[in-house]
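**Q** Okay, here's the structure, questions in a sec.
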Amino acid sequence: MSNLLDLLIAGLATGAIYAIVAVGFTLLWQTSQTINFAQGEFVMLPAFLMLAVMHAGAPFWLAILIGIALSLLLLGLGFKMLLVDPMLRHGVLPLAIATMALAIGIKEAAKQFWSAEASPFPSIIPGGDITIFGRVVALQSIGVLVLAILAVLGLTTLLNRTSIGHQMQAAAQNPTVARIIGVPVERMILLTFLINAFLVALASLLITPIYLAKFSNGEVLGQAAFIAAIVGGFNQVRGAIAGGLLIGVVDNLSAAYVSTQYRAAVPLVLLIAIILFRPQGMLGRPEERTV
Amino acid sequence: MKPVFLASALLATVLTGAAIAQAGAPIKLANVAELSGGGATVGTNWKNGIDLAIEEINSKGGVLGRKLEVTHADSQSNPGVARAQVQKALDAEPYVLLGPGYSGSVKVTAPLAAEAGIAQIMGGEAAELTTAGNKFLFRTSFGQQSSMPKVAKYINDELKAKSVAIVWVNNDFGKGGRDSISKEFAKYNIKVAADLSTEAGQADFAADVSKIKAAAPDAVFVYVNEEESARILKELKRQGVTVPLVGETTLVGQKVVELAGDAANGARGHVGLTTDAPVELIKAFRDKFVKKYNYVPDHNGLKGWLAIYMIKATTEKMGKVDSKGFADALHGFTITAAKEPGILMDATFDANGDIDRQGFLVEIVEGKQVVKQVLPKLGN
């Protein structure tokens, strides 16, 4: 039982990071029908940007700020203007393929510019342990979980409780009507891209101290977050959150109680089951499209 | 008469020129290593060690008056890619093939080199590599059959452990190590409290460490690659595992210490090669490497360096650059550091291509490898 608690906390901490990345997937899909297969690489890159700033002599806190700013510029504004806008007019599929190419490009560029080797990355959460229900739990797990929850709460508050959030939802649900009632749809879509860039930078900051900074990190993260978004529901932010947490926990529990050798297969089995029996995901809305 | 004389003179000139060109032509070597992917640390160190040794040898006039020249190819840490790269390298008819470093890649490429009759000097450590009767394969470090008995003896004699958790990576290297150490534990009646297979490139070890905690062993034997070693050391520290952590070179290498930080402190292991060894020639190598590359190499840097000096010593022993005779000349050959300082420590190569030389038991103390024990060369 005590073992189970450790596994749950560790799984939730990892799952919370998947959730942040998965939320980005759903936001981009809802506002601009962008399936971003480079989302994993988007998480990998900010850590390298921060490391580059640190190598230039800046302190860690400044590197974080500059790294986030560069992420907003490159992965938010740059991604939308240079890739999504020109490609989207050709349809969803060409854009999805373009993001796959972008993923390869970012990965190879990171390998060439930095190194193929992993690098250590500092943690914003101090080391040490705290006691919960008589169990010693790493502060890092709790810190990651708390920061991820705060980010998600902040996002849901923005979407549900503010005028900008309502405009973003209107732009996502029906852009034509939103334009008629005066919602600046293009600006709202850009804002979504910037929010996604911020979320991936945050995920990068939280996961890289554990995974180490490596050019190939995006492969694992992108796949996990994509599965999380599908399992939870690609068209619902709350679905992506639930999917992320579920994948993190299932991964850890399956490694502990099923088999460490087949741990990677369990989330995929879950994905297949969801596609077969509830294609809209656990919390997603069924969508019908004309052919 | 005159035309015949002129033709003879011309022919003699051409033949002499060709002979001179052959004598002065560079000796071509081919290296196939893990320059990207999960084994990038291994391959990059190996490559840098090779380049450094070649630079030094060439600056002193080369081997038998001929310069060494190497081509590097990336296996991407993938056995399939390694096989294709080795085939391509062999098509260029190198004098000797260098690499790969991963046992799985060595396993699939060794038959190609053997078929071509080209000696292959590699970095793999899986026990099975040199037990298949391949007469062209040579190690640069101990095989698992040499190192695991020493590790098991240390765990039994020094740590007095009665139960051990084994964490291994699910590839040829990991499986070979796990099988070898399990056999040795059985000899000492040491119980395997947990037998945990992990994946190459695995990032999250929370569940594995949780299982270790539940098994409550007296010690943990960790046999995964460098980056995964760093990750599991961090997780072991995070979850408060305090029993001794024992492994091989991949647990206590420089890269692991750099990546794991404080979490590496206290890790112990048997290393065949370490730049912290109390050997003057190794210290000199380390200084040269740091001067050129600005970082401290792990054992793979030493392996790459040694591979080149094995080639130099063997070629000088033969007195000629003979690709086909190279393997025969290296079998049973003892290279002494007194005669060839580049070999760093006296080394003997047996009929299987296995190496015998002294080894070390080390512990990570405050981020540095500290040699606790020197294990002598078995034969003399």
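Going by the structure tokens order, chains are called A, B, ..., each with residues numbered from 1, while ligands are numbered from 1 in the order shown.
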Based on only C-alpha atoms, which of the residues in chain B come within 7 Å of chain A? I want them as a list of chain:residue names.
**A**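 My answer is B:Ser36, B:Gly37, B:Ala40, B:Thr41, B:Ser197, B:Thr198, B:Ala203, B:Ala206, B:Ala207, B:Asp208, B:Ser210, B:Lys211, B:Ala214, B:Arg231, B:Arg238, B:Gln239, B:Leu259.
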**Q** So which residues touch segment 43-49 of chain B within 6 Å, counting only C-alpha atoms, skipping near sequence neighbours fewer than 6 positions away, as an mmCIF file with C-alpha atoms, in the first residue's frame?
**A**
data_model
loop_
_atom_site.group_PDB
_atom_site.id
_atom_site.type_symbol
_atom_site.label_atom_id
_atom_site.label_comp_id
_atom_site.auth_asym_id
_atom_site.auth_seq_id
_atom_site.Cartn_x
_atom_site.Cartn_y
_atom_site.Cartn_z
ATOM 1 C CA ALA B 33 30.644 4.179 -33.504
ATOM 2 C CA GLU B 34 27.629 5.491 -31.612
ATOM 3 C CA LEU B 35 27.983 9.173 -32.453
ATOM 4 C CA ASN B 300 35.512 4.905 -23.659
ATOM 5 C CA GLY B 301 38.008 7.669 -24.422
ATOM 6 C CA GLY B 304 39.556 4.468 -28.373
ATOM 7 C CA TRP B 305 43.091 5.587 -27.580
#
